[in-house]
Structures are given as C-alpha cells and as structure tokens.
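Chemist: Structure file run_3.cif, mmCIF, C-alpha atoms; chains and numbers go by the auth columns, is pasted below:
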```
data_query
loop_
_atom_site.group_PDB
_atom_site.id
_atom_site.type_symbol
_atom_site.label_atom_id
_atom_site.label_comp_id
_atom_site.label_asym_id
_atom_site.label_seq_id
_atom_site.Cartn_x
_atom_site.Cartn_y
_atom_site.Cartn_z
_atom_site.B_iso_or_equiv
_atom_site.auth_seq_id
_atom_site.auth_asym_id
ATOM 1 C CA MET A 1 48.330 21.824 7.567 0.00 1 A
ATOM 2 C CA TYR A 2 47.081 23.111 10.877 0.00 2 A
ATOM 3 C CA ILE A 3 44.067 21.498 12.520 0.00 3 A
ATOM 4 C CA ILE A 4 42.623 23.825 15.176 0.00 4 A
ATOM 5 C CA ALA A 5 40.004 22.637 17.673 0.00 5 A
ATOM 6 C CA GLY A 6 38.293 24.089 20.716 0.00 6 A
ATOM 7 C CA PHE A 7 37.721 21.980 23.850 0.00 7 A
ATOM 8 C CA ASP A 8 36.457 22.341 27.382 0.00 8 A
ATOM 9 C CA TYR A 9 39.250 21.430 29.724 0.00 9 A
ATOM 10 C CA SER A 10 38.376 17.868 30.707 0.00 10 A
ATOM 11 C CA ALA A 11 39.633 14.313 30.720 0.00 11 A
ATOM 12 C CA SER A 12 38.466 13.828 27.121 0.00 12 A
ATOM 13 C CA LEU A 13 41.032 16.416 26.015 0.00 13 A
ATOM 14 C CA GLU A 14 43.790 14.454 27.731 0.00 14 A
ATOM 15 C CA VAL A 15 42.598 11.245 26.081 0.00 15 A
ATOM 16 C CA ALA A 16 42.537 12.972 22.685 0.00 16 A
ATOM 17 C CA LEU A 17 46.124 14.168 23.173 0.00 17 A
ATOM 18 C CA THR A 18 47.237 10.659 24.114 0.00 18 A
ATOM 19 C CA GLU A 19 45.472 9.148 21.124 0.00 19 A
ATOM 20 C CA LEU A 20 47.064 11.706 18.779 0.00 20 A
ATOM 21 C CA MET A 21 50.511 10.774 20.075 0.00 21 A
ATOM 22 C CA GLU A 22 49.699 7.073 19.617 0.00 22 A
ATOM 23 C CA ASN A 23 48.885 7.837 15.956 0.00 23 A
ATOM 24 C CA ASP A 24 52.414 9.107 15.167 0.00 24 A
ATOM 25 C CA ILE A 25 51.788 12.806 15.816 0.00 25 A
ATOM 26 C CA SER A 26 54.851 14.064 17.645 0.00 26 A
ATOM 27 C CA GLN A 27 54.468 16.080 20.816 0.00 27 A
ATOM 28 C CA SER A 28 56.302 19.004 19.201 0.00 28 A
ATOM 29 C CA ASP A 29 53.546 19.210 16.542 0.00 29 A
ATOM 30 C CA ILE A 30 50.802 19.644 19.162 0.00 30 A
ATOM 31 C CA LEU A 31 50.107 22.963 20.872 0.00 31 A
ATOM 32 C CA ALA A 32 47.453 23.317 23.588 0.00 32 A
ATOM 33 C CA LEU A 33 46.535 26.876 24.572 0.00 33 A
ATOM 34 C CA PRO A 34 44.284 27.277 27.633 0.00 34 A
ATOM 35 C CA LEU A 35 42.219 30.462 27.794 0.00 35 A
ATOM 36 C CA ASP A 36 42.009 32.463 31.010 0.00 36 A
ATOM 37 C CA LYS A 37 38.606 32.713 32.679 0.00 37 A
ATOM 38 C CA LEU A 38 36.990 36.047 33.357 0.00 38 A
ATOM 39 C CA THR A 39 37.307 36.495 37.098 0.00 39 A
ATOM 40 C CA GLU A 40 35.411 39.719 37.645 0.00 40 A
ATOM 41 C CA ALA A 41 31.660 39.936 37.289 0.00 41 A
ATOM 42 C CA PRO A 42 30.315 42.095 34.469 0.00 42 A
ATOM 43 C CA ARG A 43 29.148 45.581 35.372 0.00 43 A
ATOM 44 C CA LEU A 44 25.435 45.961 35.983 0.00 44 A
ATOM 45 C CA PHE A 45 25.326 49.629 35.007 0.00 45 A
ATOM 46 C CA ASP A 46 26.143 50.600 31.426 0.00 46 A
ATOM 47 C CA SER A 47 28.232 53.614 30.485 0.00 47 A
ATOM 48 C CA ILE A 48 29.022 55.386 27.229 0.00 48 A
ATOM 49 C CA HIS A 49 32.008 53.118 26.591 0.00 49 A
ATOM 50 C CA TYR A 50 30.517 49.830 27.821 0.00 50 A
ATOM 51 C CA ALA A 51 27.120 48.341 27.084 0.00 51 A
ATOM 52 C CA ASP A 52 26.290 44.640 27.209 0.00 52 A
ATOM 53 C CA GLY A 53 22.662 44.746 26.120 0.00 53 A
ATOM 54 C CA THR A 54 21.105 44.124 29.528 0.00 54 A
ATOM 55 C CA SER A 55 18.936 46.846 30.958 0.00 55 A
ATOM 56 C CA LEU A 56 17.781 47.548 34.490 0.00 56 A
ATOM 57 C CA VAL A 57 15.162 50.019 33.292 0.00 57 A
ATOM 58 C CA ASP A 58 12.830 47.743 31.306 0.00 58 A
ATOM 59 C CA MET A 59 11.264 45.935 34.278 0.00 59 A
ATOM 60 C CA ALA A 60 11.089 49.216 36.193 0.00 60 A
ATOM 61 C CA GLY A 61 9.221 50.879 33.328 0.00 61 A
ATOM 62 C CA ILE A 62 6.764 48.025 32.946 0.00 62 A
ATOM 63 C CA LEU A 63 5.951 47.765 36.643 0.00 63 A
ATOM 64 C CA GLY A 64 5.876 51.572 36.927 0.00 64 A
ATOM 65 C CA CYS A 65 3.176 51.748 34.240 0.00 65 A
ATOM 66 C CA ILE A 66 1.138 48.935 35.768 0.00 66 A
ATOM 67 C CA PHE A 67 1.240 50.341 39.304 0.00 67 A
ATOM 68 C CA MET A 68 0.536 53.869 38.013 0.00 68 A
ATOM 69 C CA LEU A 69 -2.541 52.569 36.175 0.00 69 A
ATOM 70 C CA LEU A 70 -3.756 50.717 39.265 0.00 70 A
ATOM 71 C CA GLY A 71 -3.090 53.794 41.405 0.00 71 A
ATOM 72 C CA SER A 72 -5.107 56.022 39.092 0.00 72 A
ATOM 73 C CA ILE A 73 -7.989 53.521 38.937 0.00 73 A
ATOM 74 C CA TYR A 74 -8.245 52.940 42.677 0.00 74 A
ATOM 75 C CA GLY A 75 -7.438 56.608 43.378 0.00 75 A
ATOM 76 C CA PHE A 76 -11.039 57.457 42.567 0.00 76 A
ATOM 77 C CA ILE A 77 -12.087 55.404 45.582 0.00 77 A
ATOM 78 C CA LEU A 78 -9.238 56.364 47.948 0.00 78 A
ATOM 79 C CA GLU A 79 -8.898 59.612 49.841 0.00 79 A
ATOM 80 C CA TRP A 80 -6.032 61.443 48.066 0.00 80 A
ATOM 81 C CA GLY A 81 -7.402 61.091 44.535 0.00 81 A
ATOM 82 C CA PRO A 82 -6.226 59.479 41.327 0.00 82 A
ATOM 83 C CA ILE A 83 -3.252 61.740 40.546 0.00 83 A
ATOM 84 C CA ILE A 84 -1.478 61.301 43.890 0.00 84 A
ATOM 85 C CA TRP A 85 -2.119 57.543 43.924 0.00 85 A
ATOM 86 C CA ALA A 86 -0.892 57.259 40.313 0.00 86 A
ATOM 87 C CA LEU A 87 2.368 58.982 41.299 0.00 87 A
ATOM 88 C CA ILE A 88 2.702 56.740 44.363 0.00 88 A
ATOM 89 C CA GLY A 89 2.070 53.669 42.180 0.00 89 A
ATOM 90 C CA LEU A 90 4.645 54.907 39.672 0.00 90 A
ATOM 91 C CA ALA A 91 7.280 55.312 42.382 0.00 91 A
ATOM 92 C CA ILE A 92 6.545 51.901 43.904 0.00 92 A
ATOM 93 C CA GLY A 93 6.582 50.233 40.459 0.00 93 A
ATOM 94 C CA LEU A 94 9.859 51.867 39.411 0.00 94 A
ATOM 95 C CA VAL A 95 11.652 50.926 42.614 0.00 95 A
ATOM 96 C CA SER A 96 10.308 47.375 42.762 0.00 96 A
ATOM 97 C CA GLY A 97 11.018 46.726 39.054 0.00 97 A
ATOM 98 C CA PHE A 98 14.558 48.029 39.396 0.00 98 A
ATOM 99 C CA LEU A 99 15.208 45.886 42.492 0.00 99 A
ATOM 100 C CA ILE A 100 13.721 42.738 40.930 0.00 100 A
ATOM 101 C CA LYS A 101 15.835 43.087 37.766 0.00 101 A
ATOM 102 C CA TRP A 102 18.968 43.964 39.762 0.00 102 A
ATOM 103 C CA LEU A 103 18.613 40.888 42.000 0.00 103 A
ATOM 104 C CA TYR A 104 17.867 38.672 38.996 0.00 104 A
ATOM 105 C CA LEU A 105 20.943 39.814 37.067 0.00 105 A
ATOM 106 C CA LYS A 106 23.142 39.600 40.150 0.00 106 A
ATOM 107 C CA THR A 107 22.205 35.946 40.794 0.00 107 A
ATOM 108 C CA LYS A 108 22.372 35.119 37.062 0.00 108 A
ATOM 109 C CA TYR A 109 25.943 36.414 36.782 0.00 109 A
ATOM 110 C CA LYS A 110 26.955 34.648 39.982 0.00 110 A
ATOM 111 C CA ARG A 111 25.655 31.304 38.658 0.00 111 A
ATOM 112 C CA SER A 112 27.238 31.678 35.228 0.00 112 A
ATOM 113 C CA PHE A 113 30.690 32.399 36.693 0.00 113 A
ATOM 114 C CA SER A 114 30.591 29.433 39.040 0.00 114 A
ATOM 115 C CA LYS A 115 29.741 27.018 36.197 0.00 115 A
ATOM 116 C CA SER A 116 32.119 28.279 33.527 0.00 116 A
ATOM 117 C CA LYS A 117 34.958 25.993 32.479 0.00 117 A
ATOM 118 C CA THR A 118 38.297 26.889 31.042 0.00 118 A
ATOM 119 C CA GLU A 119 38.443 26.430 27.297 0.00 119 A
ATOM 120 C CA VAL A 120 41.472 25.099 25.469 0.00 120 A
ATOM 121 C CA PHE A 121 42.465 25.588 21.848 0.00 121 A
ATOM 122 C CA LEU A 122 44.371 22.677 20.415 0.00 122 A
ATOM 123 C CA ILE A 123 46.552 23.217 17.343 0.00 123 A
ATOM 124 C CA VAL A 124 47.945 20.154 15.557 0.00 124 A
ATOM 125 C CA TYR A 125 50.466 20.531 12.738 0.00 125 A
ATOM 126 C CA THR A 126 50.992 17.874 10.106 0.00 126 A
ATOM 127 C CA LYS A 127 52.695 17.842 6.708 0.00 127 A
ATOM 128 C CA GLU A 128 50.922 14.700 5.547 0.00 128 A
ATOM 129 C CA MET A 129 47.492 15.162 3.982 0.00 129 A
ATOM 130 C CA THR A 130 46.601 11.548 4.756 0.00 130 A
ATOM 131 C CA LYS A 131 46.709 12.187 8.517 0.00 131 A
ATOM 132 C CA VAL A 132 44.331 15.165 8.448 0.00 132 A
ATOM 133 C CA GLN A 133 41.145 13.076 8.304 0.00 133 A
ATOM 134 C CA LYS A 134 42.348 10.754 11.092 0.00 134 A
ATOM 135 C CA ILE A 135 43.240 13.737 13.324 0.00 135 A
ATOM 136 C CA LYS A 136 39.810 15.283 12.692 0.00 136 A
ATOM 137 C CA GLU A 137 38.081 12.005 13.590 0.00 137 A
ATOM 138 C CA ILE A 138 40.053 11.719 16.830 0.00 138 A
ATOM 139 C CA LEU A 139 39.236 15.296 17.849 0.00 139 A
ATOM 140 C CA TRP A 140 35.530 14.942 17.037 0.00 140 A
ATOM 141 C CA GLN A 141 35.325 11.638 18.941 0.00 141 A
ATOM 142 C CA HIS A 142 36.682 13.345 22.056 0.00 142 A
ATOM 143 C CA ASN A 143 34.100 16.145 22.202 0.00 143 A
ATOM 144 C CA ALA A 144 35.723 18.966 20.270 0.00 144 A
ATOM 145 C CA GLN A 145 33.396 21.969 20.347 0.00 145 A
ATOM 146 C CA GLY A 146 34.578 23.235 16.996 0.00 146 A
ATOM 147 C CA LEU A 147 37.217 22.366 14.437 0.00 147 A
ATOM 148 C CA THR A 148 38.847 23.964 11.405 0.00 148 A
ATOM 149 C CA VAL A 149 41.668 23.126 9.011 0.00 149 A
ATOM 150 C CA TYR A 150 44.116 25.828 7.936 0.00 150 A
ATOM 151 C CA SER A 151 46.389 25.086 5.014 0.00 151 A
ATOM 152 C CA GLY A 152 48.831 27.933 5.684 0.00 152 A
ATOM 153 C CA HIS A 153 48.600 29.557 2.240 0.00 153 A
#
```
Show me the file's structure as structure tokens.
Modeler:
Amino acid sequence: MYIIAGFDYSASLEVALTELMENDISQSDILALPLDKLTEAPRLFDSIHYADGTSLVDMAGILGCIFMLLGSIYGFILEWGPIIWALIGLAIGLVSGFLIKWLYLKTKYKRSFSKSKTEVFLIVYTKEMTKVQKIKEILWQHNAQGLTVYSGH
C-alpha cells in the first residue's frame, strides 16, 4: 500500500516524518518529493500557443465605451462636436483601461509569487493493512493538504 499526501513545506511536515518513524515506519519506506517553484512570472500577453484566461482588453473595452458615451453626450455642448469628443473619449478609455488592468495584473502576480510556498509530496509504503489508518491519522493531524491510498493493483 502506498499512502500519498501533499504538504506545504513547514515544520509540521518534519514533525509528521518524525512521528511516522516513531510508529515503526522505516526511513526507507518514506519518500518526500519537493516540487520546484515557478520562478518566472506568467506572461501578460497571450499568444496562439499560450492563454491563461486573463485578458487586458476587457477593462479597456468597458472604459472605452463609457468614455465614448460621455464624450458623445458632452460633445453637443463642447466646441468640436459629439463625434470628435466620442473618439477622444474612446481613445482615453481604451488607454486608461489597458493601463489599469496591466498594473493590476502586474502587482497581483508579484504578490502571488512572493507568498508561494514549496509543496512536498510524501509517499509512505507499508505492507501491513493495520498501519494504513494510523499513517493517515498522523498525516491528517499534521496539516496534509490532500491524501490518497494506492493499493498497487
């Protein structure tokens, strides 16, 4: 039986490993695999081969429409007329919406990379079915993020 658990790398993982060894699980039956962190920031501009679901165009389109509407309304009062002021409002809205979304995503990605922790997968092998429940209890008590049991068949 293989018991596989995911952990954040922390002191609770070390305590769980120690407690497993105290409960007659040999060190050769325990495998801890740390995952590498992503070190480069995700791309802000999508391409044909890469798309992450975030868009820089949505805020630009919304603000472009709003400023174009305001430009056409107040263009009746202003000197150049509603069409010119609607186009000016559209340009200002597109640029400001794009810049706002770009700055937001840039700071969001910067914050998420500074807070991310390294995850560790812990694999425990045991031949005895009676130890499986005890191993699961130990892993859950020490903040396992997820856990599964694989019988190997």
Chemist: A:Lys110, A:Asn23, A:Leu56, A:Ile3: which is nearest A:Leu147, counting only C-alpha atoms?
Modeler: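 Going through A:Lys110, A:Asn23, A:Leu56, A:Ile3 one by one, the smallest distance to A:Leu147 is for A:Ile3.
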Chemist: Which residue is closest to A:Gly146? Choose from A:Gly75, A:Leu122, A:Ala86, A:Gly64 and count all atoms listed in the file.
Modeler: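 Comparing A:Gly75, A:Leu122, A:Ala86, A:Gly64 against A:Gly146, the winner is A:Leu122.
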Chemist: On this structure, which residues satisfy the PyMOL selection byres ((chain A and resi 34) around 10), written as a list in words?
Modeler: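 Going through the file, the PyMOL selection byres ((chain A and resi 34) around 10) ends up selecting Gly6, Phe7, Asp8, Tyr9, Leu31, Ala32, Leu33, Leu35, Asp36, Lys37, Thr118, Glu119, Val120, Phe121 and Leu122 of chain A.
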Chemist: Between atom CA of A:Leu99 and atom CA of A:Ile77, measure the distance and give it in Å to one decimal.
Modeler: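 Straight-line distance from atom CA of A:Leu99 to atom CA of A:Ile77 works out to 29.1 Å.
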Chemist: Taking only C-alpha atoms into account, which of A:Trp140, A:Phe67, A:Trp80, A:Tyr74 comes nearest A:Leu94?
Modeler: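 Ranked by minimum distance to A:Leu94, first place goes to A:Phe67.
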Chemist: Neighbouring residues of A:Tyr2 were defined as those with any atom within 6 Å, considering only C-alpha atoms; residues of the same chain fewer than 6 positions away were excluded. Please report them as a list in words.
Modeler: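 Close residues of A:Tyr2: Val124, Tyr125, Val149 and Tyr150 of chain A.
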Chemist: Give as a PyMOL selection string the residues that the PyMOL selection byres ((chain A and resi 90) around 12) matches when applied to the coordinates above.
Modeler: chain A and resi 60-72+82-89+91-97
Chemist: Just to be explicit: take each residue in the selection above, keep C-alpha atoms, and write the result as a PDB file, in the coordinates of the input.
Modeler:
```pdb
ATOM      1  CA  ALA A  60      11.089  49.216  36.193  1.00  0.00           C
ATOM      2  CA  GLY A  61       9.221  50.879  33.328  1.00  0.00           C
ATOM      3  CA  ILE A  62       6.764  48.025  32.946  1.00  0.00           C
ATOM      4  CA  LEU A  63       5.951  47.765  36.643  1.00  0.00           C
ATOM      5  CA  GLY A  64       5.876  51.572  36.927  1.00  0.00           C
ATOM      6  CA  CYS A  65       3.176  51.748  34.240  1.00  0.00           C
ATOM      7  CA  ILE A  66       1.138  48.935  35.768  1.00  0.00           C
ATOM      8  CA  PHE A  67       1.240  50.341  39.304  1.00  0.00           C
ATOM      9  CA  MET A  68       0.536  53.869  38.013  1.00  0.00           C
ATOM     10  CA  LEU A  69      -2.541  52.569  36.175  1.00  0.00           C
ATOM     11  CA  LEU A  70      -3.756  50.717  39.265  1.00  0.00           C
ATOM     12  CA  GLY A  71      -3.090  53.794  41.405  1.00  0.00           C
ATOM     13  CA  SER A  72      -5.107  56.022  39.092  1.00  0.00           C
ATOM     14  CA  PRO A  82      -6.226  59.479  41.327  1.00  0.00           C
ATOM     15  CA  ILE A  83      -3.252  61.740  40.546  1.00  0.00           C
ATOM     16  CA  ILE A  84      -1.478  61.301  43.890  1.00  0.00           C
ATOM     17  CA  TRP A  85      -2.119  57.543  43.924  1.00  0.00           C
ATOM     18  CA  ALA A  86      -0.892  57.259  40.313  1.00  0.00           C
ATOM     19  CA  LEU A  87       2.368  58.982  41.299  1.00  0.00           C
ATOM     20  CA  ILE A  88       2.702  56.740  44.363  1.00  0.00           C
ATOM     21  CA  GLY A  89       2.070  53.669  42.180  1.00  0.00           C
ATOM     22  CA  ALA A  91       7.280  55.312  42.382  1.00  0.00           C
ATOM     23  CA  ILE A  92       6.545  51.901  43.904  1.00  0.00           C
ATOM     24  CA  GLY A  93       6.582  50.233  40.459  1.00  0.00           C
ATOM     25  CA  LEU A  94       9.859  51.867  39.411  1.00  0.00           C
ATOM     26  CA  VAL A  95      11.652  50.926  42.614  1.00  0.00           C
ATOM     27  CA  SER A  96      10.308  47.375  42.762  1.00  0.00           C
ATOM     28  CA  GLY A  97      11.018  46.726  39.054  1.00  0.00           C
TER      29      GLY A  97
END
```
Chemist: Please, what is the axis-aligned box for every listed atom of stretch 134-151 of chain A with 5 Å on each side, as centre and edge lengths in Å to one decimal, as lines of an AutoDock Vina configuration file?
Modeler:
```
center_x = 39.9
center_y = 18.3
center_z = 13.6
size_x = 23.0
size_y = 25.1
size_z = 27.2
```
Chemist: Quote the spacing between atom CA of A:Gly152 and atom CA of A:Leu13 in Å to one decimal place.
Modeler: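 One can read the atom CA of A:Gly152 to atom CA of A:Leu13 distance as 24.6 Å.
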Chemist: In Å to one decimal, how far is atom CA of A:Thr54 from atom CA of A:Lys106?
Modeler: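 Taking atom CA of A:Lys106 as the start and atom CA of A:Thr54 as the end point, the length is 11.7 Å.
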Chemist: For the file shown, what are the residues hit by the PyMOL selection byres ((chain A and resi 139) around 12), laid out as a PyMOL selection string?
Modeler: chain A and resi 3-7+12-20+121-124+132-138+140-148
